[in-house]
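Shown below: my_file-v2.cif, with mmCIF, C-alpha atoms.
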```cif
data_final
#
loop_
_atom_site.label_atom_id
_atom_site.label_comp_id
_atom_site.auth_asym_id
_atom_site.auth_seq_id
_atom_site.Cartn_x
_atom_site.Cartn_y
_atom_site.Cartn_z
CA MET J 80 79.86 86.17 84.19
CA GLY J 81 82.50 85.55 81.50
CA GLU J 82 85.68 83.54 81.72
CA ALA J 83 87.68 84.27 84.89
CA ILE J 84 90.99 86.12 84.58
CA GLN J 85 93.89 83.81 85.48
CA LYS J 86 96.81 86.20 85.67
CA VAL J 87 97.47 89.94 85.69
CA SER J 88 100.72 91.83 85.29
CA VAL J 89 100.47 95.36 86.63
CA VAL J 90 102.87 98.09 85.53
CA ILE J 91 103.43 101.04 87.85
CA SER J 92 105.14 103.91 86.04
CA LYS J 93 104.41 106.95 88.23
CA GLY J 94 106.00 108.20 91.42
CA SER J 95 103.13 110.00 93.11
CA LEU J 96 100.92 108.50 95.82
CA ASP J 97 97.89 108.72 93.57
CA GLY J 98 99.93 107.24 90.74
CA ILE J 99 101.16 104.26 92.76
CA TYR J 100 98.21 103.07 94.83
CA PRO J 101 95.86 101.97 92.03
CA GLY J 102 98.41 99.45 90.76
CA LEU J 103 99.02 98.10 94.25
CA ILE J 104 95.30 97.68 94.88
CA MET J 105 94.87 95.92 91.52
CA ALA J 106 97.71 93.49 92.27
CA ASN J 107 96.60 92.80 95.83
CA GLY J 108 92.98 92.51 94.78
CA ALA J 109 93.93 90.03 92.09
CA ARG J 110 95.71 87.81 94.61
CA ALA J 111 92.70 87.96 96.93
CA GLU J 112 90.60 86.56 94.08
CA GLY J 113 93.09 83.78 93.49
CA ILE J 114 94.44 85.46 90.35
CA GLU J 115 98.19 85.19 89.76
CA ALA J 116 99.82 88.64 89.82
CA ASN J 117 103.04 90.39 88.90
CA LEU J 118 104.03 93.95 89.73
CA PHE J 119 106.46 95.73 87.45
CA PHE J 120 107.88 99.09 88.52
CA THR J 121 109.30 101.41 85.91
CA PHE J 122 110.46 105.02 85.72
CA PHE J 123 109.29 107.00 88.72
CA GLY J 124 107.34 104.00 89.93
CA LEU J 125 110.71 102.71 91.15
CA ASP J 126 110.36 105.10 94.09
CA ALA J 127 107.71 102.79 95.52
CA ILE J 128 110.28 100.01 95.97
CA HIS J 129 113.31 102.22 96.68
CA ARG J 130 114.60 101.87 100.26
CA GLN J 131 115.21 105.56 100.81
CA ARG J 132 112.24 106.89 98.93
CA HIS J 133 109.32 104.52 99.53
CA ASP J 134 108.46 106.28 102.80
CA HIS J 135 108.32 109.73 101.23
CA ILE J 136 105.92 109.42 98.34
CA LYS J 137 103.72 112.48 97.84
CA ILE J 138 100.41 113.36 96.25
CA SER J 139 100.94 115.32 93.05
CA THR J 140 99.51 118.77 93.76
CA VAL J 141 100.64 120.62 90.64
CA GLY J 142 98.87 120.17 87.33
CA ASN J 143 96.55 117.66 88.98
CA PRO J 144 93.01 118.74 88.07
CA GLY J 145 91.59 115.81 90.02
CA LEU J 146 92.76 117.38 93.26
CA HIS J 147 90.66 120.52 92.66
CA VAL J 148 93.44 122.74 93.93
CA PRO J 149 94.60 125.61 91.66
CA THR J 150 98.09 125.00 90.29
CA LEU J 151 99.50 128.20 91.81
CA ILE J 152 98.33 127.09 95.24
CA GLY J 153 99.45 123.51 94.65
CA GLY J 154 102.94 124.78 93.92
CA LEU J 155 103.35 126.62 97.22
CA PRO J 156 106.21 125.31 99.35
CA GLY J 157 105.07 122.61 101.73
CA LEU J 158 101.64 122.17 100.23
CA SER J 159 102.22 118.76 98.76
CA SER J 160 103.47 117.60 102.17
CA ILE J 161 100.34 118.95 103.85
CA VAL J 162 97.98 117.39 101.33
CA THR J 163 99.88 114.09 101.50
CA HIS J 164 99.72 114.11 105.28
CA MET J 165 95.96 114.71 105.21
CA MET J 166 95.47 111.91 102.72
CA GLU J 167 97.62 109.53 104.75
CA LYS J 168 95.59 110.21 107.89
CA LYS J 169 92.40 109.33 106.04
CA MET J 170 93.99 106.17 104.65
CA GLU J 171 95.14 105.14 108.10
CA HIS J 172 91.59 105.60 109.33
CA LEU J 173 90.39 103.27 106.59
CA ASP J 174 93.18 100.82 107.37
CA ILE J 175 94.77 101.24 103.96
CA PRO J 176 98.42 100.18 104.36
CA SER J 177 101.33 102.52 103.67
CA ILE J 178 103.27 101.85 100.49
CA PRO J 179 106.12 99.96 102.22
CA GLU J 180 103.63 97.84 104.17
CA PHE J 181 101.53 97.25 101.09
CA ILE J 182 104.52 96.05 99.07
CA GLU J 183 105.43 93.68 101.89
CA MET J 184 101.87 92.37 102.02
CA ILE J 185 101.63 91.91 98.26
CA SER J 186 104.93 90.04 98.30
CA ASP J 187 103.55 87.78 101.06
CA THR J 188 100.58 86.91 98.84
CA GLY J 189 103.03 85.33 96.41
CA ALA J 190 102.92 88.03 93.71
CA GLY J 191 106.14 88.66 91.75
CA ILE J 192 107.72 92.08 92.28
CA TYR J 193 110.09 93.39 89.61
CA ALA J 194 112.03 96.51 88.72
CA CYS J 195 112.52 97.65 85.13
CA LYS J 196 116.15 97.27 84.06
CA ALA J 197 116.05 100.20 81.64
CA SER J 198 114.88 102.57 84.38
CA VAL J 199 117.30 101.12 86.91
CA ASP J 200 120.16 101.82 84.49
CA LEU J 201 118.78 105.26 83.65
CA PHE J 202 118.74 106.29 87.31
CA GLY J 203 122.02 104.60 88.13
CA LEU J 204 120.48 102.25 90.68
CA SER J 205 121.22 98.66 91.72
CA LYS J 206 119.49 95.79 93.57
CA GLY J 207 120.82 97.12 96.87
CA ASP J 208 118.77 100.29 96.47
CA PHE J 209 115.55 98.32 96.50
CA VAL J 210 113.54 96.72 99.28
CA ASP J 211 114.00 93.00 99.98
CA GLN J 212 110.64 92.13 98.42
CA VAL J 213 111.92 92.92 94.91
CA ASP J 214 112.45 89.55 93.23
CA ASP J 215 114.54 90.72 90.31
CA ILE J 216 115.52 93.50 87.91
CA ILE J 217 114.18 92.48 84.51
CA THR J 218 113.97 93.73 80.93
CA VAL J 219 110.76 94.53 79.11
CA GLY J 220 111.19 91.25 77.19
CA ASP J 221 111.35 89.33 80.47
CA PHE J 222 108.25 91.20 81.57
CA TYR J 223 106.35 90.08 78.47
CA ASP J 224 107.47 86.49 79.08
CA ARG J 225 106.14 86.61 82.62
CA ALA J 226 102.95 88.37 81.52
CA ALA J 227 102.24 85.82 78.78
CA GLY J 228 98.80 84.28 78.86
CA GLY J 229 97.46 86.93 81.21
CA GLN J 230 96.24 90.50 81.19
CA ILE J 231 98.49 93.53 81.38
CA ILE J 232 97.34 96.52 83.41
CA PHE J 233 99.25 99.74 82.83
CA THR J 234 99.12 102.47 85.44
CA MET Y 878 70.26 81.01 93.68
CA THR Y 879 70.49 77.23 93.84
CA ALA Y 880 69.76 74.60 96.42
CA ARG Y 881 72.43 71.97 96.94
CA THR Y 882 72.69 68.98 99.18
CA ILE Y 883 75.96 68.92 101.07
CA ALA Y 884 76.79 66.43 103.81
CA GLY Y 885 73.17 65.38 103.94
CA ALA Y 886 71.69 68.86 104.36
CA THR Y 887 70.01 71.09 101.78
CA ILE Y 888 71.69 74.48 101.51
CA GLU Y 889 70.84 77.58 99.48
CA LEU Y 890 73.79 79.07 97.65
CA ASN Y 891 74.00 82.19 95.49
CA ASP Y 892 75.33 82.16 91.94
CA GLU Y 893 78.93 82.38 93.13
CA GLY Y 894 78.53 79.52 95.57
CA PHE Y 895 78.27 81.50 98.80
CA PHE Y 896 75.72 80.73 101.50
CA GLU Y 897 72.44 82.65 101.39
CA HIS Y 898 71.71 81.69 104.99
CA PRO Y 899 74.84 81.36 107.16
CA GLU Y 900 72.76 79.77 109.93
CA GLN Y 901 72.41 76.62 107.81
CA TRP Y 902 76.11 75.87 108.21
CA THR Y 903 77.57 72.97 110.14
CA ARG Y 904 81.16 71.84 110.52
CA GLU Y 905 80.48 68.79 108.35
CA ILE Y 906 79.17 71.01 105.55
CA GLY Y 907 82.23 73.25 105.92
CA GLU Y 908 84.53 70.25 105.71
CA GLN Y 909 82.82 69.02 102.54
CA ILE Y 910 82.97 72.43 100.86
CA ALA Y 911 86.66 72.66 101.78
CA LYS Y 912 87.31 69.36 100.05
CA ASP Y 913 85.32 70.54 97.01
CA GLU Y 914 87.57 73.61 96.94
CA GLY Y 915 90.62 71.37 96.86
CA ILE Y 916 91.59 71.68 100.51
CA ASP Y 917 92.35 68.28 101.91
CA PRO Y 918 93.18 67.70 104.70
CA VAL Y 919 91.52 70.54 106.55
CA THR Y 920 94.07 71.22 109.27
CA PRO Y 921 93.55 72.95 112.65
CA LEU Y 922 95.08 76.10 111.16
CA HIS Y 923 92.45 76.04 108.39
CA TRP Y 924 89.76 75.71 111.07
CA ARG Y 925 91.23 78.61 112.97
CA VAL Y 926 90.68 80.84 109.96
CA ILE Y 927 87.24 79.40 109.22
CA ASP Y 928 86.04 79.86 112.80
CA PHE Y 929 87.49 83.34 112.91
CA MET Y 930 85.59 84.27 109.75
CA ARG Y 931 82.27 83.11 111.17
CA ARG Y 932 82.87 84.98 114.42
CA GLU Y 933 83.72 88.18 112.57
CA TYR Y 934 80.70 87.85 110.30
CA PHE Y 935 78.28 87.42 113.17
CA ALA Y 936 79.96 90.19 115.19
CA LYS Y 937 80.30 92.76 112.43
CA GLY Y 938 77.86 91.78 109.71
CA THR Y 939 80.56 91.08 107.15
CA GLY Y 940 83.50 88.72 106.89
CA PRO Y 941 87.06 90.07 107.16
CA THR Y 942 89.25 91.01 104.22
CA VAL Y 943 92.63 89.35 103.75
CA ARG Y 944 94.32 92.30 105.44
CA MET Y 945 92.06 92.02 108.49
CA LEU Y 946 92.66 88.29 108.61
CA GLY Y 947 96.39 88.82 108.50
CA LYS Y 948 96.28 91.39 111.26
CA THR Y 949 93.78 89.92 113.72
CA SER Y 950 93.35 86.18 113.23
CA GLY Y 951 96.84 85.23 114.35
CA VAL Y 952 97.58 83.75 110.93
CA THR Y 953 99.96 85.74 108.72
CA VAL Y 954 99.19 86.78 105.14
CA LYS Y 955 101.89 84.39 103.93
CA GLU Y 956 100.35 81.48 105.82
CA LEU Y 957 96.87 82.44 104.63
CA TYR Y 958 97.88 82.12 101.00
CA GLN Y 959 99.54 78.79 101.71
CA LEU Y 960 96.38 77.50 103.39
CA PHE Y 961 93.99 78.92 100.78
CA PRO Y 962 95.92 79.43 97.52
CA LYS Y 963 92.89 80.56 95.54
CA GLY Y 964 92.23 83.61 97.69
CA PRO Y 965 92.03 83.33 101.50
CA ALA Y 966 89.11 85.65 102.29
CA LYS Y 967 87.06 84.42 99.36
CA VAL Y 968 87.59 80.68 99.74
CA ALA Y 969 87.51 80.68 103.54
CA ALA Y 970 84.22 82.61 103.41
CA LYS Y 971 82.76 79.97 101.09
CA ILE Y 972 83.88 77.19 103.42
CA ALA Y 973 82.72 79.10 106.49
CA GLY Y 974 79.24 79.53 105.03
CA ILE Y 975 79.25 83.32 105.08
CA PRO Y 976 78.80 85.84 102.25
CA LYS Y 977 81.82 87.03 100.32
CA PRO Y 978 83.54 89.77 102.35
CA LYS Y 979 83.23 93.28 100.99
CA GLY Y 980 86.42 95.34 100.88
CA CYS Y 981 89.20 96.15 98.51
CA ILE Y 982 92.16 95.38 100.69
#
```

As structure tokens, what does this structure read like?
Amino acid sequence: MGEAIQKVSVVISKGSLDGIYPGLIMANGARAEGIEANLFFTFFGLDAIHRQRHDHIKISTVGNPGLHVPTLIGGLPGLSSIVTHMMEKKMEHLDIPSIPEFIEMISDTGAGIYACKASVDLFGLSKGDFVDQVDDIITVGDFYDRAAGGQIIFT
Amino acid sequence: MTARTIAGATIELNDEGFFEHPEQWTREIGEQIAKDEGIDPVTPLHWRVIDFMRREYFAKGTGPTVRMLGKTSGVTVKELYQLFPKGPAKVAAKIAGIPKPKGCI
């Protein structure tokens, strides 16, 4: 076993369910190992911490070869909702928390939760649009400061 | 695997420091390991988590993850990280003399 990791800063840049969960699991898993963790949401990842949107995140069903569903089928109206619903039922069965619950939990572990200022400006958002667990809206420079001395995980 | 003497008893630990044989555990050993892990004093709330972990291990064959602890032990996730800053499920399992819990959440 090599030298233990002391800190990780996880970037979440995608807005789909399958694009958001890996970063959350990495951050939560880090905290469970006693590793310091930061979560940084940028671009469509902001949906995961957005009050109105964090409950409506979907699986990407179009152009997603990993889903093994032909693109023409994946683009049918309602299909992404159906697939998301099926996935969520399975996750519930495995006691995997929903995104809002997961963010709350990760915040409770003491991890830092941040929104990317550039994306916030781009989408015309403000602190009030985000859930209470968001600690601050920061620039990429601030992010690098906070990530210093640790590993950066980009998702 | 190494043998260590803790609180007067010889215990077998794996490479990560977890008990090979949970039956060898006693409260005194648990207390000593807690102190080695930097937890001093070991408060009743710490013991609540430690006892809960042993019960779960013997009932289900594996210790609980942090999420399970937060949901069923009566101690919140926030409190758990205050009690065991270096990782509640991991450190509490070490102190409780049970193997490291398996689970990603």

With 8 Å as the cut-off and all atoms listed in the file counted, what is the closest atom pair between each nearby residue of chain J and chain Y? Distances in Å to one decimal, ordered by chain and number, as a tab-separated table.
```
residue	atom	partner	partner_atom	distance
J:Ile104	CA	Y:Ile982	CA	7.0
J:Asn107	CA	Y:Ile982	CA	7.1
J:Gly108	CA	Y:Cys981	CA	6.4
J:Arg110	CA	Y:Gly964	CA	6.3
J:Ala111	CA	Y:Gly964	CA	4.4
J:Glu112	CA	Y:Gly964	CA	4.9
J:Gly113	CA	Y:Lys963	CA	3.8
J:Ile114	CA	Y:Lys963	CA	7.3
J:Ile175	CA	Y:Ile982	CA	7.2
J:Met184	CA	Y:Val954	CA	6.9
J:Asp187	CA	Y:Lys955	CA	4.7
J:Thr188	CA	Y:Lys955	CA	5.8
J:Gly189	CA	Y:Tyr958	CA	7.6
```

List the residues selected by the PyMOL selection byres ((chain Y and resi 905) around 12) in the file shown, writing them as a PyMOL selection string.
-> chain Y and resi 883-886+901-904+906-912+919+924+972-974

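You will find CA of Leu158 (chain J) at 7.6 Å from CA of Thr140 (chain J).
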
Evaluate the PyMOL selection byres ((chain J and resi 196) around 12) here and jot the selected residues down as a PyMOL selection string.
-> chain J and resi 119-122+125+193-195+197-206+215-222

Just how far from CA of Ala880 (chain Y) is CA of Arg932 (chain Y), in Å to one decimal?
-> 24.6 Å

Return region 914-942 of chain Y, completed with N, CA and C atoms, as a PDB file, in the coordinates of the input.
```pdb
ATOM      1  N   GLU Y 914      86.705  72.499  97.363  1.00  0.00           N
ATOM      2  CA  GLU Y 914      87.570  73.610  96.940  1.00  0.00           C
ATOM      3  C   GLU Y 914      89.024  73.158  96.825  1.00  0.00           C
ATOM      4  N   GLY Y 915      89.265  71.875  97.043  1.00  0.00           N
ATOM      5  CA  GLY Y 915      90.620  71.370  96.860  1.00  0.00           C
ATOM      6  C   GLY Y 915      91.468  71.411  98.120  1.00  0.00           C
ATOM      7  N   ILE Y 916      90.825  71.630  99.270  1.00  0.00           N
ATOM      8  CA  ILE Y 916      91.590  71.680 100.510  1.00  0.00           C
ATOM      9  C   ILE Y 916      91.384  70.385 101.279  1.00  0.00           C
ATOM     10  N   ASP Y 917      92.422  69.586 101.283  1.00  0.00           N
ATOM     11  CA  ASP Y 917      92.350  68.280 101.910  1.00  0.00           C
ATOM     12  C   ASP Y 917      93.753  67.871 102.317  1.00  0.00           C
ATOM     13  N   PRO Y 918      94.098  67.652 103.571  1.00  0.00           N
ATOM     14  CA  PRO Y 918      93.180  67.700 104.700  1.00  0.00           C
ATOM     15  C   PRO Y 918      92.919  69.126 105.200  1.00  0.00           C
ATOM     16  N   VAL Y 919      91.833  69.264 105.928  1.00  0.00           N
ATOM     17  CA  VAL Y 919      91.520  70.540 106.550  1.00  0.00           C
ATOM     18  C   VAL Y 919      92.171  70.522 107.935  1.00  0.00           C
ATOM     19  N   THR Y 920      93.255  71.275 108.047  1.00  0.00           N
ATOM     20  CA  THR Y 920      94.070  71.220 109.270  1.00  0.00           C
ATOM     21  C   THR Y 920      93.501  72.166 110.345  1.00  0.00           C
ATOM     22  N   PRO Y 921      93.991  72.036 111.594  1.00  0.00           N
ATOM     23  CA  PRO Y 921      93.550  72.950 112.650  1.00  0.00           C
ATOM     24  C   PRO Y 921      93.759  74.428 112.287  1.00  0.00           C
ATOM     25  N   LEU Y 922      94.824  74.705 111.543  1.00  0.00           N
ATOM     26  CA  LEU Y 922      95.080  76.100 111.160  1.00  0.00           C
ATOM     27  C   LEU Y 922      94.009  76.583 110.176  1.00  0.00           C
ATOM     28  N   HIS Y 923      93.570  75.698 109.282  1.00  0.00           N
ATOM     29  CA  HIS Y 923      92.450  76.040 108.390  1.00  0.00           C
ATOM     30  C   HIS Y 923      91.226  76.381 109.227  1.00  0.00           C
ATOM     31  N   TRP Y 924      90.934  75.504 110.226  1.00  0.00           N
ATOM     32  CA  TRP Y 924      89.760  75.710 111.070  1.00  0.00           C
ATOM     33  C   TRP Y 924      89.830  77.004 111.847  1.00  0.00           C
ATOM     34  N   ARG Y 925      91.062  77.350 112.224  1.00  0.00           N
ATOM     35  CA  ARG Y 925      91.230  78.610 112.970  1.00  0.00           C
ATOM     36  C   ARG Y 925      90.728  79.781 112.141  1.00  0.00           C
ATOM     37  N   VAL Y 926      91.108  79.764 110.860  1.00  0.00           N
ATOM     38  CA  VAL Y 926      90.680  80.840 109.960  1.00  0.00           C
ATOM     39  C   VAL Y 926      89.176  80.780 109.735  1.00  0.00           C
ATOM     40  N   ILE Y 927      88.665  79.567 109.499  1.00  0.00           N
ATOM     41  CA  ILE Y 927      87.240  79.400 109.220  1.00  0.00           C
ATOM     42  C   ILE Y 927      86.396  79.876 110.408  1.00  0.00           C
ATOM     43  N   ASP Y 928      86.782  79.439 111.607  1.00  0.00           N
ATOM     44  CA  ASP Y 928      86.040  79.860 112.800  1.00  0.00           C
ATOM     45  C   ASP Y 928      86.123  81.360 112.995  1.00  0.00           C
ATOM     46  N   PHE Y 929      87.305  81.898 112.763  1.00  0.00           N
ATOM     47  CA  PHE Y 929      87.490  83.340 112.910  1.00  0.00           C
ATOM     48  C   PHE Y 929      86.572  84.095 111.963  1.00  0.00           C
ATOM     49  N   MET Y 930      86.427  83.601 110.740  1.00  0.00           N
ATOM     50  CA  MET Y 930      85.590  84.270 109.750  1.00  0.00           C
ATOM     51  C   MET Y 930      84.129  84.274 110.183  1.00  0.00           C
ATOM     52  N   ARG Y 931      83.663  83.164 110.723  1.00  0.00           N
ATOM     53  CA  ARG Y 931      82.270  83.110 111.170  1.00  0.00           C
ATOM     54  C   ARG Y 931      82.042  84.072 112.341  1.00  0.00           C
ATOM     55  N   ARG Y 932      83.006  84.088 113.257  1.00  0.00           N
ATOM     56  CA  ARG Y 932      82.870  84.980 114.420  1.00  0.00           C
ATOM     57  C   ARG Y 932      82.795  86.433 113.957  1.00  0.00           C
ATOM     58  N   GLU Y 933      83.689  86.802 113.059  1.00  0.00           N
ATOM     59  CA  GLU Y 933      83.720  88.180 112.570  1.00  0.00           C
ATOM     60  C   GLU Y 933      82.426  88.524 111.855  1.00  0.00           C
ATOM     61  N   TYR Y 934      81.929  87.578 111.047  1.00  0.00           N
ATOM     62  CA  TYR Y 934      80.700  87.850 110.300  1.00  0.00           C
ATOM     63  C   TYR Y 934      79.547  88.120 111.247  1.00  0.00           C
ATOM     64  N   PHE Y 935      79.404  87.257 112.262  1.00  0.00           N
ATOM     65  CA  PHE Y 935      78.280  87.420 113.170  1.00  0.00           C
ATOM     66  C   PHE Y 935      78.469  88.619 114.087  1.00  0.00           C
ATOM     67  N   ALA Y 936      79.711  89.015 114.345  1.00  0.00           N
ATOM     68  CA  ALA Y 936      79.960  90.190 115.190  1.00  0.00           C
ATOM     69  C   ALA Y 936      79.800  91.484 114.403  1.00  0.00           C
ATOM     70  N   LYS Y 937      80.257  91.496 113.144  1.00  0.00           N
ATOM     71  CA  LYS Y 937      80.300  92.760 112.430  1.00  0.00           C
ATOM     72  C   LYS Y 937      79.404  92.825 111.202  1.00  0.00           C
ATOM     73  N   GLY Y 938      78.779  91.730 110.850  1.00  0.00           N
ATOM     74  CA  GLY Y 938      77.860  91.780 109.710  1.00  0.00           C
ATOM     75  C   GLY Y 938      78.543  91.533 108.374  1.00  0.00           C
ATOM     76  N   THR Y 939      79.861  91.431 108.386  1.00  0.00           N
ATOM     77  CA  THR Y 939      80.560  91.080 107.150  1.00  0.00           C
ATOM     78  C   THR Y 939      81.848  90.354 107.505  1.00  0.00           C
ATOM     79  N   GLY Y 940      82.267  89.453 106.621  1.00  0.00           N
ATOM     80  CA  GLY Y 940      83.500  88.720 106.890  1.00  0.00           C
ATOM     81  C   GLY Y 940      84.711  89.622 106.702  1.00  0.00           C
ATOM     82  N   PRO Y 941      85.855  89.231 107.264  1.00  0.00           N
ATOM     83  CA  PRO Y 941      87.060  90.070 107.160  1.00  0.00           C
ATOM     84  C   PRO Y 941      87.747  89.956 105.808  1.00  0.00           C
ATOM     85  N   THR Y 942      88.422  91.039 105.417  1.00  0.00           N
ATOM     86  CA  THR Y 942      89.250  91.010 104.220  1.00  0.00           C
ATOM     87  C   THR Y 942      90.555  90.302 104.550  1.00  0.00           C
TER      88      THR Y 942
END
```
